[in-house]
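Working notes, beginning with the structure itself.
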Amino acid sequence: MRLNILAFVLGTGLLQQQAKLPDVMWAWGLMAIIFVIGWLRRYQSTVLAATTRILWWVFFLGAGFFWAAAFAHWRLADFLSPEWERRDIQIVGVIASMPQESDRSMRFQFHVEHVVTEGATVPKHIALSWYKGRQSDANEMAFSAVKVGQRWQVTVRLKQPHGNANPHGFDYEAWALEHNIRATGYIRASVDNQLLDQMANYPVYWIEQLREEIQQRFTNRLADRTYAGVLKTLATGDQYAIPRDQWQLFMRTGTIHLMSISGLHITLVSSLVFALVFGLWRCNPYLVLRLPARRAAVIAGLIVATGYAVLSGFAIPAQRALYMLAVVAIAVWKGRFTSPVTILAWALLWVVLLDPWATISSGFWLSFGAIAIIMLVSVGRIGKIHWLRDWLRIQWAITLGLVPLLLALFQQVSLVSPLANAVAIPLVSFVVVPLTLLATIPLLDFTLPLAHEALSIGMALLHWLSQLPYAVWEQHAPPVWTLPVAIVGIIWMLLPGSLGLGFFAGFSARWVGSIALLPMFLIQPPKPRAGELWLTVLDVGQGLAIVARTEHHALLFDTGPNFGETDSGNRIIVPFLRGEGIRQLDTMIVSHADTDHSGGALSVLAAVPVKMLSSSLNSPHPIQRAETYQDQCRAGQSWQWDGVYFELLHPLAQDYENPQNKTNANSCVLKITSTHGSVLLPSDIGSKEESALLARIGDKLPATILIAPHHGSNTSSTSAFLQKVNPVLTIFTVGYHNRYGHPHEAVVARYRNLGSRLLRSDVDGAILLRFADNEWFVDSWRKLHRRYWQHSITDPYD
């Protein structure tokens, strides 16, 4: 049965790799397999028995595949029609999640109960933002009183879920589908916006309200203490409460798993309740005669674990622990022995049954991977081992065993993780979490400051560890085929036996397993050859970020927008650079100060060594102050890397002295030329600057590929400029349904009349260009990495 469960899970994962959803009618083909199995079972044969087992495996594989397909068809059927995007729609519904407040807005999930606007169709589950300063005085007062569970009538503007599509980047559209968010948008200022009910009486909203009340009490009790957000997260699972710098600390020390409601926390709480109930129950003969103490204790532990998991938001690690505890409870109730592997398999099944998209979640792989490793090194071992040695062995095994997953998912591994976890796990699990959970009870919230003080001690150690020179190993994303090879090698190294390696004893030739890890580290991603130019126009929404690579050098032109709590630097650019194995930037050019071009610069400078910063920014700008080696970009500056020529064409030195020039006018303009083709990057210059370039250096403007000036604004891309550049391909870097209306229709018409091929980042995602072999090649990430859930936009240029 365990193999059949694995086949079912594999089937759900296989569905998530499809570019298109299959017709669920094909699932009837599984009945043919059942018929064949029934026919074969009438005969007694070893060969036929083996064939039957294989057919059962194929059946469960197909069952998992079509189970996930049915879920996907059902969820995708609830969508926002394109004709109702960006139009005012009045709806009535309930705030379904704790509002996440920032300096500029408040965000929450909203369950739509009724659509007031005649003829409009709106999905049942949407995500809304409510921006400050855009409402009437009455609405501003209502804004400050928004709470989960309230029923509102609001006017909204919506669009279909659409995320950035980049190599090594976060897939927002997959996340939105898994969390059943079928449209996103914002609340419009309207006199009709009004609170209808303070509380919608449904259990799901009661739970969310309880979580919100706990967070508010924590805020009142802890005031502005540094780690208040961590304690809120440990109590309610709200990971938005933790500041970004603390997340980075947990990532660098490999303790990020402790900052979610992990299986360890669920199991600990359940075990404490089990021990308490078991001890008290068996002291009362009356109770024991009616129900054995062990059964009563296991049910009590399961009930408390369920409550904690639900309170925490029911993330995958919590689900896994809860389902494992449920299987144990059933086994204890029936008086049967159940192997740990069987318990894990059933937990695996229940997770993917309820959430077929779990297999594309990093939490799924890390959670089940860690438990599988613990079982490998602890279950079935013969003889007693000192508790300290056993603890160290498990920590070493988890650190080693999760290396392939961590490199595949994040391209980094904490080298201080064993030491950090050896201290943090006992402290958090046995001190911080119990005190925090006690504080969720109103009369016991005096334990909260004690939990904070205990956590502060651990955090001080984590800070020290994170500052060590080699705290984190970072590298390129390993090729997919190297991951199963590495996992086999790790299993070989962790098998029981006798070997004088680490804390393990004796399986001869265990060192052979380490050889299987080498390809994961040694096989480098492909890179340009001498004279070649590789250009990646990243999809950063309404903004610009381009990575240019030659054989031995890399340049970043602009750094995309700032998104509020995050920016393009840490969310898109740094993961791309790390995944591609780009360890440093030889030059970073920030063309001008507008935040859609400079918003991610500070994050890039903090994460990646930059040899030289070139920009048109003024001296007091924070980006200028963050980098030691910097220069002002000026026309005439040029350099050559590996047979590829780079030249800045604008601005002139005197342009900086003109007080009338706005930031766009002084944008850095870069021309990159190879023997295989050229590209012009004009940033946000306008028609005046285009005319100046034509008059001054018109002979240098022709290019194979043009990044459309100012994202296709009607203030640029003049006919004379386009005719001189005469690009074969033009790329518009624009955000989906951006508020500026870029690219402007008149501008697009000019490029069409010129005969230029047109691509745009909101339709195509990241655009990958290669200049090699006396020609150039172009591809898009959405085309190369197509998945059925990705937002399909009709290409207006086909």
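Each chain in the structure tokens gets a letter, A, B and so on, in the order shown; residues start at 1 in every chain, and ligands are counted from 1 in the order they appear.
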
* Asked: Contacts of Ala554 of chain A at 9 Å or less, counting only C-alpha atoms, minus same-chain residues fewer than 3 places along, as a PyMOL selection string?
  -> chain A and resi 547-551+582+584-588

* Asked: Which of segment 504-680 of chain A counts as strand (DSSP E) under DSSP, as an MDAnalysis selection string please?
  -> chainID A and resid 533:537 546:549 554:557 587:590 613:615 630:632 638:641 644:650 669:674 677:680

* **Long-range neighbours of Leu555 of chain A as a ChimeraX atom specification, 12 Å cut-off, only C-alpha atoms, 2 positions minimum in chain** => /A:533-536,545-553,557-559,573,577,582-590,608-614,639,641,646,670,672

Residues near segment 708-725 of chain A, anyone? I mean within 7 Å using only C-alpha atoms, not counting same-chain ones fewer than 4 positions away, as a tab-separated table (two decimals) with N, CA, C and O atoms, in the first residue's frame.
```tsv
chain	number	residue	atom	x	y	z
A	682	PRO	N	17.84	52.43	-24.04
A	682	PRO	CA	17.69	53.88	-23.85
A	682	PRO	C	16.98	54.29	-22.57
A	682	PRO	O	16.74	55.48	-22.37
A	683	SER	N	16.60	53.34	-21.72
A	683	SER	CA	15.95	53.64	-20.45
A	683	SER	C	14.70	54.50	-20.67
A	683	SER	O	13.86	54.15	-21.50
A	684	ASP	N	14.61	55.65	-19.98
A	684	ASP	CA	13.38	56.45	-20.03
A	684	ASP	C	13.56	57.79	-20.72
A	684	ASP	O	12.88	58.78	-20.39
A	685	ILE	N	14.46	57.88	-21.68
A	685	ILE	CA	14.62	59.15	-22.38
A	685	ILE	C	13.34	59.49	-23.15
A	685	ILE	O	12.56	58.61	-23.52
A	686	GLY	N	13.14	60.79	-23.40
A	686	GLY	CA	11.97	61.25	-24.13
A	686	GLY	C	12.32	61.71	-25.53
A	686	GLY	O	13.46	61.56	-26.00
A	687	SER	N	11.37	62.32	-26.19
A	687	SER	CA	11.55	62.72	-27.59
A	687	SER	C	12.66	63.77	-27.73
A	687	SER	O	13.40	63.75	-28.73
A	690	GLU	N	15.90	61.92	-27.64
A	690	GLU	CA	16.04	61.14	-28.87
A	690	GLU	C	16.53	62.04	-30.01
A	690	GLU	O	17.42	61.64	-30.79
A	694	LEU	N	20.03	61.78	-32.19
A	694	LEU	CA	20.04	61.73	-33.66
A	694	LEU	C	20.98	62.78	-34.24
A	694	LEU	O	21.74	62.49	-35.19
A	701	LEU	N	23.30	54.74	-33.50
A	701	LEU	CA	22.01	54.30	-32.99
A	701	LEU	C	21.48	53.00	-33.59
A	701	LEU	O	20.75	52.27	-32.90
A	702	PRO	N	21.76	52.66	-34.83
A	702	PRO	CA	21.19	51.42	-35.38
A	702	PRO	C	21.54	50.21	-34.51
A	702	PRO	O	22.67	50.05	-34.06
A	703	ALA	N	20.51	49.36	-34.26
A	703	ALA	CA	20.70	48.20	-33.38
A	703	ALA	C	19.77	47.08	-33.82
A	703	ALA	O	18.68	47.32	-34.34
A	730	THR	N	11.74	44.60	-30.98
A	730	THR	CA	11.54	45.62	-29.95
A	730	THR	C	10.88	44.97	-28.74
A	730	THR	O	9.94	44.18	-28.89
A	731	ILE	N	11.37	45.31	-27.54
A	731	ILE	CA	10.85	44.72	-26.31
A	731	ILE	C	10.28	45.82	-25.43
A	731	ILE	O	10.97	46.80	-25.11
A	732	PHE	N	9.01	45.64	-25.05
A	732	PHE	CA	8.36	46.56	-24.11
A	732	PHE	C	8.41	45.93	-22.72
A	732	PHE	O	7.89	44.83	-22.52
A	733	THR	N	9.00	46.63	-21.78
A	733	THR	CA	9.03	46.15	-20.39
A	733	THR	C	7.92	46.85	-19.62
A	733	THR	O	8.07	47.99	-19.19
A	734	VAL	N	6.80	46.16	-19.46
A	734	VAL	CA	5.61	46.78	-18.90
A	734	VAL	C	4.96	45.85	-17.89
A	734	VAL	O	5.12	44.63	-17.93
A	742	HIS	N	0.90	51.83	-20.69
A	742	HIS	CA	2.04	51.48	-21.55
A	742	HIS	C	1.90	50.03	-22.04
A	742	HIS	O	1.44	49.17	-21.29
A	743	PRO	N	2.29	49.77	-23.28
A	743	PRO	CA	2.75	50.73	-24.31
A	743	PRO	C	1.57	51.41	-25.00
A	743	PRO	O	0.53	50.81	-25.20
A	744	HIS	N	1.75	52.67	-25.35
A	744	HIS	CA	0.70	53.45	-25.97
A	744	HIS	C	0.41	52.92	-27.38
A	744	HIS	O	1.32	52.53	-28.11
A	747	VAL	N	2.28	54.45	-30.26
A	747	VAL	CA	3.69	54.05	-30.28
A	747	VAL	C	3.83	52.65	-30.87
A	747	VAL	O	4.71	52.39	-31.71
A	750	ARG	N	3.69	52.68	-34.58
A	750	ARG	CA	4.92	53.11	-35.25
A	750	ARG	C	5.88	51.93	-35.43
A	750	ARG	O	6.51	51.77	-36.48
```

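The environment of segment 193-201 of chain A within 6 Å, counting only C-alpha atoms and disregarding residues fewer than 3 places along the same chain, consists of Gly149, Gln150, Arg151, Trp152, Gln153, Val154 and Ser190 of chain A.
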